[in-house]
file start-v2.cif (mmCIF, C-alpha atoms)
data_upload
loop_
_atom_site.group_PDB
_atom_site.id
_atom_site.type_symbol
_atom_site.label_atom_id
_atom_site.label_comp_id
_atom_site.auth_asym_id
_atom_site.auth_seq_id
_atom_site.Cartn_x
_atom_site.Cartn_y
_atom_site.Cartn_z
ATOM 1 C CA MET K 392 104.013 -47.140 -86.668
ATOM 2 C CA SER K 393 100.578 -45.702 -87.362
ATOM 3 C CA GLN K 394 98.000 -47.095 -89.707
ATOM 4 C CA ASP K 395 96.043 -44.764 -91.909
ATOM 5 C CA ILE K 396 92.501 -46.091 -91.937
ATOM 6 C CA SER K 397 89.931 -44.254 -94.007
ATOM 7 C CA ILE K 398 86.255 -44.895 -93.557
ATOM 8 C CA GLN K 399 84.189 -44.376 -96.653
ATOM 9 C CA LYS K 400 80.602 -43.263 -96.173
ATOM 10 C CA LEU K 401 78.264 -45.356 -98.266
ATOM 11 C CA PRO K 402 75.826 -43.370 -100.428
ATOM 12 C CA VAL K 403 72.299 -43.253 -99.044
ATOM 13 C CA THR K 404 69.724 -44.371 -101.602
ATOM 14 C CA TRP K 405 66.048 -43.567 -101.219
ATOM 15 C CA VAL K 406 63.363 -45.380 -103.195
ATOM 16 C CA VAL K 407 60.108 -43.454 -103.716
ATOM 17 C CA VAL K 408 57.177 -45.808 -104.365
ATOM 18 C CA ALA K 409 54.046 -43.874 -105.331
ATOM 19 C CA ASP K 410 50.745 -43.926 -107.159
ATOM 20 C CA GLY K 411 48.027 -41.283 -107.422
ATOM 21 C CA LYS K 412 46.755 -41.881 -103.887
ATOM 22 C CA GLN K 413 49.714 -42.796 -101.682
ATOM 23 C CA ALA K 414 53.504 -42.760 -101.513
ATOM 24 C CA GLN K 415 56.252 -44.132 -99.275
ATOM 25 C CA VAL K 416 60.022 -43.663 -99.246
ATOM 26 C CA TYR K 417 62.280 -46.593 -98.422
ATOM 27 C CA GLN K 418 65.990 -46.473 -97.719
ATOM 28 C CA LEU K 419 68.159 -49.075 -99.390
ATOM 29 C CA GLY K 420 70.538 -50.736 -96.990
ATOM 30 C CA THR K 421 72.269 -54.022 -96.362
ATOM 31 C CA LYS K 422 71.984 -56.660 -93.726
ATOM 32 C CA THR K 423 75.391 -57.398 -92.289
ATOM 33 C CA ARG K 424 76.701 -59.782 -89.718
ATOM 34 C CA ARG K 425 79.894 -59.880 -87.721
ATOM 35 C CA ILE K 426 81.880 -63.091 -87.847
ATOM 36 C CA PRO K 427 84.462 -63.422 -85.048
ATOM 37 C CA LEU K 428 87.988 -64.216 -86.217
ATOM 38 C CA PHE K 429 89.957 -66.905 -84.426
ATOM 39 C CA GLY K 430 87.440 -66.986 -81.571
ATOM 40 C CA ASN K 431 88.396 -63.436 -80.591
ATOM 41 C CA LYS K 432 85.388 -61.206 -79.846
ATOM 42 C CA ARG K 433 87.305 -58.016 -80.677
ATOM 43 C CA LEU K 434 88.431 -59.138 -84.112
ATOM 44 C CA TYR K 435 85.698 -59.831 -86.591
ATOM 45 C CA ASN K 436 84.931 -59.843 -90.283
ATOM 46 C CA VAL K 437 81.844 -57.998 -91.517
ATOM 47 C CA GLN K 438 79.890 -59.950 -94.089
ATOM 48 C CA THR K 439 77.149 -58.386 -96.194
ATOM 49 C CA THR K 440 74.326 -60.865 -96.584
ATOM 50 C CA ALA K 441 71.561 -59.089 -98.504
ATOM 51 C CA ALA K 442 70.051 -55.765 -99.510
ATOM 52 C CA ASN K 443 66.909 -54.597 -97.734
ATOM 53 C CA LEU K 444 64.427 -51.722 -97.871
ATOM 54 C CA VAL K 445 63.497 -49.887 -94.693
ATOM 55 C CA PRO K 446 60.634 -47.326 -94.610
ATOM 56 C CA VAL K 447 61.917 -43.813 -93.890
ATOM 57 C CA ALA K 448 60.070 -42.208 -90.984
ATOM 58 C CA GLY K 449 57.916 -39.225 -91.910
ATOM 59 C CA THR K 450 57.798 -40.033 -95.627
ATOM 60 C CA ASN K 451 54.414 -41.685 -95.943
ATOM 61 C CA TRP K 452 51.967 -39.499 -97.860
ATOM 62 C CA LYS K 453 48.264 -39.785 -98.709
ATOM 63 C CA ALA K 454 46.671 -37.706 -101.471
ATOM 64 C CA ALA K 455 43.867 -35.296 -100.684
ATOM 65 C CA SER K 456 40.342 -36.397 -101.445
ATOM 66 C CA PRO K 457 38.932 -35.165 -104.782
ATOM 67 C CA HIS K 458 35.881 -33.945 -102.843
ATOM 68 C CA ILE K 459 37.981 -31.077 -101.486
ATOM 69 C CA TYR K 460 38.429 -29.852 -105.048
ATOM 70 C CA GLU K 461 34.702 -30.073 -105.872
ATOM 71 C CA PHE K 462 34.228 -26.731 -104.119
ATOM 72 C CA LYS K 463 36.703 -25.121 -106.512
ATOM 73 C CA LYS K 464 34.812 -26.493 -109.492
ATOM 74 C CA ARG K 465 31.480 -25.189 -108.174
ATOM 75 C CA THR K 466 32.867 -21.714 -107.497
ATOM 76 C CA MET K 467 34.082 -21.395 -111.090
ATOM 77 C CA GLY K 468 30.453 -21.565 -112.212
ATOM 78 C CA SER K 469 29.227 -21.880 -115.772
ATOM 79 C CA MET K 470 30.458 -20.111 -118.869
ATOM 80 C CA PHE K 471 28.871 -19.248 -122.173
ATOM 81 C CA LYS K 472 30.093 -20.782 -125.398
ATOM 82 C CA GLY K 473 29.398 -19.290 -128.773
ATOM 83 C CA SER K 474 27.945 -15.967 -129.776
ATOM 84 C CA GLY K 475 24.570 -14.742 -130.839
ATOM 85 C CA PRO K 476 21.203 -16.122 -129.793
ATOM 86 C CA ALA K 477 22.382 -19.782 -130.031
ATOM 87 C CA HIS K 478 25.022 -19.616 -127.295
ATOM 88 C CA GLN K 479 25.204 -22.527 -124.841
ATOM 89 C CA MET K 480 26.105 -22.792 -121.162
ATOM 90 C CA TYR K 481 28.827 -25.255 -120.162
ATOM 91 C CA SER K 482 31.050 -26.059 -117.197
ATOM 92 C CA PRO K 483 34.778 -25.512 -117.626
ATOM 93 C CA ASN K 484 36.653 -28.643 -118.680
ATOM 94 C CA MET K 485 38.656 -29.558 -115.567
ATOM 95 C CA ASP K 486 39.483 -33.069 -114.382
ATOM 96 C CA ILE K 487 39.613 -32.843 -110.616
ATOM 97 C CA HIS K 488 41.285 -36.260 -110.244
ATOM 98 C CA ASP K 489 44.173 -35.159 -112.470
ATOM 99 C CA GLU K 490 44.519 -31.939 -110.489
ATOM 100 C CA VAL K 491 44.659 -33.893 -107.203
ATOM 101 C CA LYS K 492 47.351 -36.222 -108.600
ATOM 102 C CA GLN K 493 49.397 -33.321 -109.929
ATOM 103 C CA HIS K 494 49.185 -31.498 -106.589
ATOM 104 C CA PHE K 495 50.142 -34.738 -104.774
ATOM 105 C CA MET K 496 53.277 -35.277 -106.892
ATOM 106 C CA LYS K 497 54.293 -31.626 -106.316
ATOM 107 C CA LYS K 498 53.931 -32.140 -102.544
ATOM 108 C CA ILE K 499 56.199 -35.208 -102.691
ATOM 109 C CA ALA K 500 58.745 -33.313 -104.805
ATOM 110 C CA LEU K 501 58.820 -30.414 -102.317
ATOM 111 C CA ASP K 502 59.350 -32.775 -99.384
ATOM 112 C CA LEU K 503 62.156 -34.522 -101.290
ATOM 113 C CA GLU K 504 63.781 -31.132 -101.955
ATOM 114 C CA LEU K 505 63.671 -30.356 -98.243
ATOM 115 C CA ALA K 506 65.221 -33.745 -97.391
ATOM 116 C CA SER K 507 67.892 -33.195 -100.038
ATOM 117 C CA THR K 508 68.901 -29.848 -98.550
ATOM 118 C CA LYS K 509 69.330 -31.666 -95.222
ATOM 119 C CA LYS K 510 71.525 -34.226 -97.045
ATOM 120 C CA ALA K 511 69.214 -37.090 -96.035
ATOM 121 C CA PHE K 512 69.959 -39.010 -99.247
ATOM 122 C CA ASP K 513 72.535 -39.121 -102.046
ATOM 123 C CA ARG K 514 70.667 -41.101 -104.697
ATOM 124 C CA LEU K 515 67.003 -41.454 -105.624
ATOM 125 C CA VAL K 516 65.019 -44.187 -107.358
ATOM 126 C CA LEU K 517 61.470 -43.399 -108.537
ATOM 127 C CA VAL K 518 58.776 -46.079 -108.838
ATOM 128 C CA ALA K 519 55.273 -45.131 -109.985
ATOM 129 C CA PRO K 520 52.726 -45.840 -112.732
ATOM 130 C CA PRO K 521 53.676 -44.117 -116.022
ATOM 131 C CA LYS K 522 51.458 -41.032 -115.630
ATOM 132 C CA MET K 523 52.434 -40.468 -111.987
ATOM 133 C CA LEU K 524 56.105 -41.037 -112.805
ATOM 134 C CA GLY K 525 55.904 -38.330 -115.463
ATOM 135 C CA LEU K 526 54.233 -35.888 -113.054
ATOM 136 C CA LEU K 527 56.784 -36.618 -110.335
ATOM 137 C CA LYS K 528 59.797 -36.264 -112.640
ATOM 138 C CA GLU K 529 58.340 -32.997 -113.950
ATOM 139 C CA ALA K 530 57.933 -31.680 -110.385
ATOM 140 C CA LEU K 531 61.510 -32.521 -109.312
ATOM 141 C CA ARG K 532 63.911 -29.634 -109.659
ATOM 142 C CA GLY K 533 67.615 -28.901 -109.476
ATOM 143 C CA ASP K 534 69.663 -30.998 -107.117
ATOM 144 C CA VAL K 535 66.949 -33.599 -106.505
ATOM 145 C CA ALA K 536 66.416 -34.238 -110.226
ATOM 146 C CA HIS K 537 70.165 -34.856 -110.608
ATOM 147 C CA LYS K 538 70.124 -37.445 -107.816
ATOM 148 C CA VAL K 539 67.719 -39.742 -109.713
ATOM 149 C CA VAL K 540 69.670 -42.898 -110.602
ATOM 150 C CA GLY K 541 66.794 -45.196 -111.572
ATOM 151 C CA VAL K 542 63.139 -45.223 -112.564
ATOM 152 C CA LEU K 543 60.533 -47.959 -112.863
ATOM 153 C CA SER K 544 57.103 -47.243 -114.329
ATOM 154 C CA LYS K 545 54.982 -49.716 -112.348
ATOM 155 C CA ASP K 546 52.501 -49.499 -109.504
ATOM 156 C CA LEU K 547 54.237 -51.300 -106.640
ATOM 157 C CA THR K 548 52.562 -49.502 -103.716
ATOM 158 C CA HIS K 549 50.907 -52.734 -102.563
ATOM 159 C CA TYR K 550 54.283 -54.510 -102.123
ATOM 160 C CA LYS K 551 56.399 -54.311 -98.977
ATOM 161 C CA GLY K 552 59.875 -55.416 -97.904
ATOM 162 C CA GLY K 553 61.354 -58.404 -99.696
ATOM 163 C CA ASN K 554 58.504 -58.620 -102.225
ATOM 164 C CA LEU K 555 59.132 -55.020 -103.258
ATOM 165 C CA LEU K 556 62.868 -55.621 -103.436
ATOM 166 C CA LYS K 557 62.367 -58.493 -105.913
ATOM 167 C CA HIS K 558 60.594 -56.144 -108.337
ATOM 168 C CA LEU K 559 63.360 -53.546 -108.076
ATOM 169 C CA GLU K 560 66.392 -55.772 -108.766
ATOM 170 C CA GLY K 561 67.213 -54.327 -112.182
ATOM 171 C CA VAL K 562 66.612 -50.711 -111.178
ATOM 172 C CA LEU K 563 68.433 -50.348 -107.855
ATOM 173 C CA PRO K 564 72.060 -49.217 -107.814
ATOM 174 C CA HIS K 565 74.608 -51.241 -105.901
ATOM 175 C CA VAL K 566 74.674 -50.265 -102.267
ATOM 176 C CA ALA K 567 78.411 -49.578 -102.168
#

call {"tool": "encode", "arguments": {"input": "start-v2.cif", "output": "structure tokens"}}
result
Amino acid sequence: MSQDISIQKLPVTWVVVADGKQAQVYQLGTKTRRIPLFGNKRLYNVQTTAANLVPVAGTNWKAASPHIYEFKKRTMGSMFKGSGPAHQMYSPNMDIHDEVKQHFMKKIALDLELASTKKAFDRLVLVAPPKMLGLLKEALRGDVAHKVVGVLSKDLTHYKGGNLLKHLEGVLPHVA
């Protein structure tokens, strides 16, 4: 008599916590413990005790310094506005800080796309201040955009571990 035992793979959920200067990806998991049955070390019951967030290696990003982009602004030079003898010189209207943030969110999105093609995660939760969240969602494409199961528009980059988990209770999907 054979038993048919199927093992179901739990979906892997990544939580991206970002702001305009830094970002980190955490993987949602559970803490489990084995409880021996009838004093037998081979028979045990697995009990899930709590959800936890573990930083994913290689997914900690820092934004480039705005000073790098100053060169670009200087090379654009000045332009003339108006016509005739009363024309005025002005510098092009370009917010370097916004450009840095936009480039940073695109970098994160590209790295998430690469991880998605390697099947590193099944679901994605995005946490960022409103403007950064909009830039990140705009930068996500195709398969990665469809994996987003939750969003939270708050800056939680200064929280770690259990403190971060408390803020995410209503946004995180169930682990199973």

call {"tool": "resolve_selection", "arguments": {"input": "start-v2.cif", "expression": "the PyMOL selection byres ((chain K and resi 401-403) around 12)", "output": "PyMOL selection string"}}
result
chain K and resi 398-400+404-406+417-421+444-445+447+506-507+510-516+538+540+563-567

call {"tool": "closest_residue", "arguments": {"input": "start-v2.cif", "among": "K:Gly541, K:Gly525, K:Gly561, K:Gly552", "to": "Gln415 in chain K", "atoms": "all atoms listed in the file"}}
result
K:Gly552

call {"tool": "closest_residue", "arguments": {"input": "start-v2.cif", "among": "K:Lys497, K:Leu505, K:Pro446, K:His537", "to": "Val407 in chain K", "atoms": "all atoms listed in the file"}}
result
K:Pro446

call {"tool": "atom_distance", "arguments": {"input": "start-v2.cif", "atom1": "CA of Ser456 in chain K", "atom2": "CA of Val535 in chain K"}}
result
27.2 Å

call {"tool": "resolve_selection", "arguments": {"input": "start-v2.cif", "expression": "the PyMOL selection byres ((chain K and resi 544) around 8)", "output": "PyMOL selection string"}}
result
chain K and resi 518-521+524+542-543+545-546

call {"tool": "write_last_selection", "arguments": {"input": "start-v2.cif", "atoms": "C-alpha atoms", "output": "compact mmCIF listing (two decimals), keeping the file's coordinate frame"}}
result
# COMPACT_ATOMS: atom_id res chain seq x y z
CA VAL K 518 58.78 -46.08 -108.84
CA ALA K 519 55.27 -45.13 -109.98
CA PRO K 520 52.73 -45.84 -112.73
CA PRO K 521 53.68 -44.12 -116.02
CA LEU K 524 56.10 -41.04 -112.80
CA VAL K 542 63.14 -45.22 -112.56
CA LEU K 543 60.53 -47.96 -112.86
CA LYS K 545 54.98 -49.72 -112.35
CA ASP K 546 52.50 -49.50 -109.50

call {"tool": "resolve_selection", "arguments": {"input": "start-v2.cif", "expression": "the PyMOL selection byres ((chain K and resi 553) around 12)", "output": "list in words"}}
result
Tyr417, Leu419, Ala441, Ala442, Asn443, Leu444, Val445, Tyr550, Lys551, Gly552, Asn554, Leu555, Leu556, Lys557, His558, Leu559 and Glu560 of chain K

call {"tool": "atom_distance", "arguments": {"input": "start-v2.cif", "atom1": "CA of Lys412 in chain K", "atom2": "CA of His494 in chain K"}}
result
11.0 Å
